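A.B. asks: Input file: my_file-v7.pdb. Contents: PDB, C-alpha atoms.
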```
ATOM      1  CA  MET A   1     -14.738 -51.843  17.541  1.00  0.00           C
ATOM      2  CA  CYS A   2     -16.309 -49.768  14.789  1.00  0.00           C
ATOM      3  CA  CYS A   3     -14.901 -51.918  11.998  1.00  0.00           C
ATOM      4  CA  ASP A   4     -15.612 -55.396  13.335  1.00  0.00           C
ATOM      5  CA  ASN A   5     -16.577 -57.651  10.400  1.00  0.00           C
ATOM      6  CA  ARG A   6     -18.608 -60.127  12.409  1.00  0.00           C
ATOM      7  CA  TRP A   7     -21.721 -57.924  12.185  1.00  0.00           C
ATOM      8  CA  ILE A   8     -21.728 -57.787   8.390  1.00  0.00           C
ATOM      9  CA  PRO A   9     -24.342 -60.257   7.099  1.00  0.00           C
ATOM     10  CA  SER A  10     -23.164 -62.826   4.601  1.00  0.00           C
ATOM     11  CA  SER A  11     -24.677 -63.219   1.163  1.00  0.00           C
ATOM     12  CA  VAL A  12     -27.426 -65.752   0.523  1.00  0.00           C
ATOM     13  CA  PHE A  13     -25.336 -66.925  -2.450  1.00  0.00           C
ATOM     14  CA  SER A  14     -22.401 -68.050  -0.286  1.00  0.00           C
ATOM     15  CA  ARG A  15     -21.424 -71.668   0.438  1.00  0.00           C
ATOM     16  CA  ARG A  16     -22.701 -71.306   3.985  1.00  0.00           C
ATOM     17  CA  THR A  17     -26.245 -71.320   2.616  1.00  0.00           C
ATOM     18  CA  LEU A  18     -25.757 -74.886   1.397  1.00  0.00           C
ATOM     19  CA  GLU A  19     -24.674 -75.950   4.876  1.00  0.00           C
ATOM     20  CA  ASN A  20     -27.939 -74.820   6.453  1.00  0.00           C
ATOM     21  CA  PRO A  21     -30.295 -77.814   6.962  1.00  0.00           C
ATOM     22  CA  SER A  22     -33.220 -75.521   7.771  1.00  0.00           C
ATOM     23  CA  MET A  23     -32.995 -74.108   4.246  1.00  0.00           C
ATOM     24  CA  PHE A  24     -33.396 -77.575   2.732  1.00  0.00           C
ATOM     25  CA  VAL A  25     -36.314 -78.439   5.045  1.00  0.00           C
ATOM     26  CA  ALA A  26     -38.078 -75.181   4.174  1.00  0.00           C
ATOM     27  CA  GLY A  27     -37.501 -75.734   0.455  1.00  0.00           C
ATOM     28  CA  ALA A  28     -38.796 -79.300   0.625  1.00  0.00           C
ATOM     29  CA  ALA A  29     -41.860 -78.153   2.569  1.00  0.00           C
ATOM     30  CA  VAL A  30     -42.640 -75.539  -0.074  1.00  0.00           C
ATOM     31  CA  ILE A  31     -42.346 -78.110  -2.869  1.00  0.00           C
ATOM     32  CA  VAL A  32     -44.552 -80.634  -1.047  1.00  0.00           C
ATOM     33  CA  LEU A  33     -47.208 -77.996  -0.322  1.00  0.00           C
ATOM     34  CA  LEU A  34     -47.104 -76.731  -3.902  1.00  0.00           C
ATOM     35  CA  VAL A  35     -47.568 -80.190  -5.377  1.00  0.00           C
ATOM     36  CA  GLY A  36     -50.306 -80.941  -2.843  1.00  0.00           C
ATOM     37  CA  ILE A  37     -52.224 -77.772  -3.659  1.00  0.00           C
ATOM     38  CA  VAL A  38     -51.983 -78.357  -7.403  1.00  0.00           C
ATOM     39  CA  GLU A  39     -52.664 -82.108  -7.423  1.00  0.00           C
ATOM     40  CA  MET A  40     -55.170 -82.717  -4.601  1.00  0.00           C
ATOM     41  CA  ASP A  41     -58.726 -82.605  -5.889  1.00  0.00           C
ATOM     42  CA  ALA A  42     -60.067 -81.509  -2.492  1.00  0.00           C
ATOM     43  CA  LEU A  43     -58.045 -78.277  -2.705  1.00  0.00           C
ATOM     44  CA  HIS A  44     -58.878 -77.337  -6.304  1.00  0.00           C
ATOM     45  CA  GLY A  45     -61.981 -75.352  -5.369  1.00  0.00           C
ATOM     46  CA  PHE A  46     -60.330 -73.449  -2.541  1.00  0.00           C
ATOM     47  CA  PHE A  47     -57.196 -72.467  -4.459  1.00  0.00           C
ATOM     48  CA  THR A  48     -58.822 -72.514  -7.945  1.00  0.00           C
ATOM     49  CA  THR A  49     -56.140 -74.790  -9.386  1.00  0.00           C
ATOM     50  CA  THR A  50     -56.193 -77.709 -11.758  1.00  0.00           C
ATOM     51  CA  ASN A  51     -53.991 -80.744 -12.316  1.00  0.00           C
ATOM     52  CA  LEU A  52     -50.866 -80.313 -14.432  1.00  0.00           C
ATOM     53  CA  THR A  53     -49.625 -82.781 -16.996  1.00  0.00           C
ATOM     54  CA  SER A  54     -46.114 -84.179 -16.688  1.00  0.00           C
ATOM     55  CA  SER A  55     -44.870 -81.915 -19.485  1.00  0.00           C
ATOM     56  CA  GLN A  56     -46.304 -78.880 -17.676  1.00  0.00           C
ATOM     57  CA  TRP A  57     -44.515 -79.939 -14.469  1.00  0.00           C
ATOM     58  CA  LEU A  58     -41.269 -80.278 -16.435  1.00  0.00           C
ATOM     59  CA  VAL A  59     -41.672 -76.776 -17.855  1.00  0.00           C
ATOM     60  CA  CYS A  60     -42.316 -75.412 -14.364  1.00  0.00           C
ATOM     61  CA  ALA A  61     -39.246 -77.200 -13.009  1.00  0.00           C
ATOM     62  CA  ALA A  62     -37.086 -75.983 -15.903  1.00  0.00           C
ATOM     63  CA  VAL A  63     -38.172 -72.375 -15.508  1.00  0.00           C
ATOM     64  CA  GLY A  64     -37.835 -72.543 -11.725  1.00  0.00           C
ATOM     65  CA  SER A  65     -34.362 -74.054 -11.905  1.00  0.00           C
ATOM     66  CA  THR A  66     -33.036 -71.138 -13.963  1.00  0.00           C
ATOM     67  CA  ILE A  67     -32.640 -69.080 -10.789  1.00  0.00           C
ATOM     68  CA  LEU A  68     -30.385 -71.715  -9.246  1.00  0.00           C
TER      69      LEU A  68
END
```
When written as C-alpha cells, how does the structure in this file appear?

C.D. replies:
Amino acid sequence: MCCDNRWIPSSVFSRRTLENPSMFVAGAAVIVLLVGIVEMDALHGFFTTTNLTSSQWLVCAAVGSTIL
C-alpha cells in the first residue's frame, strides 16, 4: 500500500493534458477575455489599455507561443 503509484500526480507536460477538454475551454476563455479587454473601447479606462496593431498582436503571439 505504501508504494501505490496511483497517488502520484502526473506532469502537466504529459499527453493526458492534451486530452482534457476543460483545459482547451479555459485557454480559449482566457484568450477571448484578453482580446476583449485590449480591444473594447468601453474597457480601456477601467483596465488602462489601448488597442494593439496587428504587428503588435503577432509579436505577442510569437512570444507567448515560445512556452508551448

A.B. asks: If you measure from CA of Ser65 (chain A) to CA of Ile31 (chain A), what distance in Å do you get, rounded to one decimal?

C.D. replies: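 CA of Ser65 (chain A) sits 12.7 Å away from CA of Ile31 (chain A).
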
A.B. asks: Report the distance between CA of Thr48 (chain A) and CA of Thr66 (chain A) in Å, rounded to one decimal place.

C.D. replies: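 Between CA of Thr48 (chain A) and CA of Thr66 (chain A) the gap works out to 26.5 Å.
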
A.B. asks: For CA of Ile37 (chain A) and CA of Thr50 (chain A), determine how far apart the two atoms are, in Å to one decimal place.

C.D. replies: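 Straight-line distance from CA of Ile37 (chain A) to CA of Thr50 (chain A) works out to 9.0 Å.
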
A.B. asks: At a cut-off of 12 Å from (-48.5, -83.3, -12.6) in the coordinates of the file, what residues are picked up using all atoms listed in the file, written as a compact mmCIF listing (two decimals) with C-alpha atoms, in the frame of the given file?

C.D. replies:
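Output below, filename result.txt:
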```
# COMPACT_ATOMS: atom_id res chain seq x y z
CA LEU A 34 -47.10 -76.73 -3.90
CA VAL A 35 -47.57 -80.19 -5.38
CA GLY A 36 -50.31 -80.94 -2.84
CA ILE A 37 -52.22 -77.77 -3.66
CA VAL A 38 -51.98 -78.36 -7.40
CA GLU A 39 -52.66 -82.11 -7.42
CA MET A 40 -55.17 -82.72 -4.60
CA THR A 49 -56.14 -74.79 -9.39
CA THR A 50 -56.19 -77.71 -11.76
CA ASN A 51 -53.99 -80.74 -12.32
CA LEU A 52 -50.87 -80.31 -14.43
CA THR A 53 -49.62 -82.78 -17.00
CA SER A 54 -46.11 -84.18 -16.69
CA SER A 55 -44.87 -81.92 -19.48
CA GLN A 56 -46.30 -78.88 -17.68
CA TRP A 57 -44.52 -79.94 -14.47
CA LEU A 58 -41.27 -80.28 -16.43
CA VAL A 59 -41.67 -76.78 -17.86
CA CYS A 60 -42.32 -75.41 -14.36
CA ALA A 61 -39.25 -77.20 -13.01
```
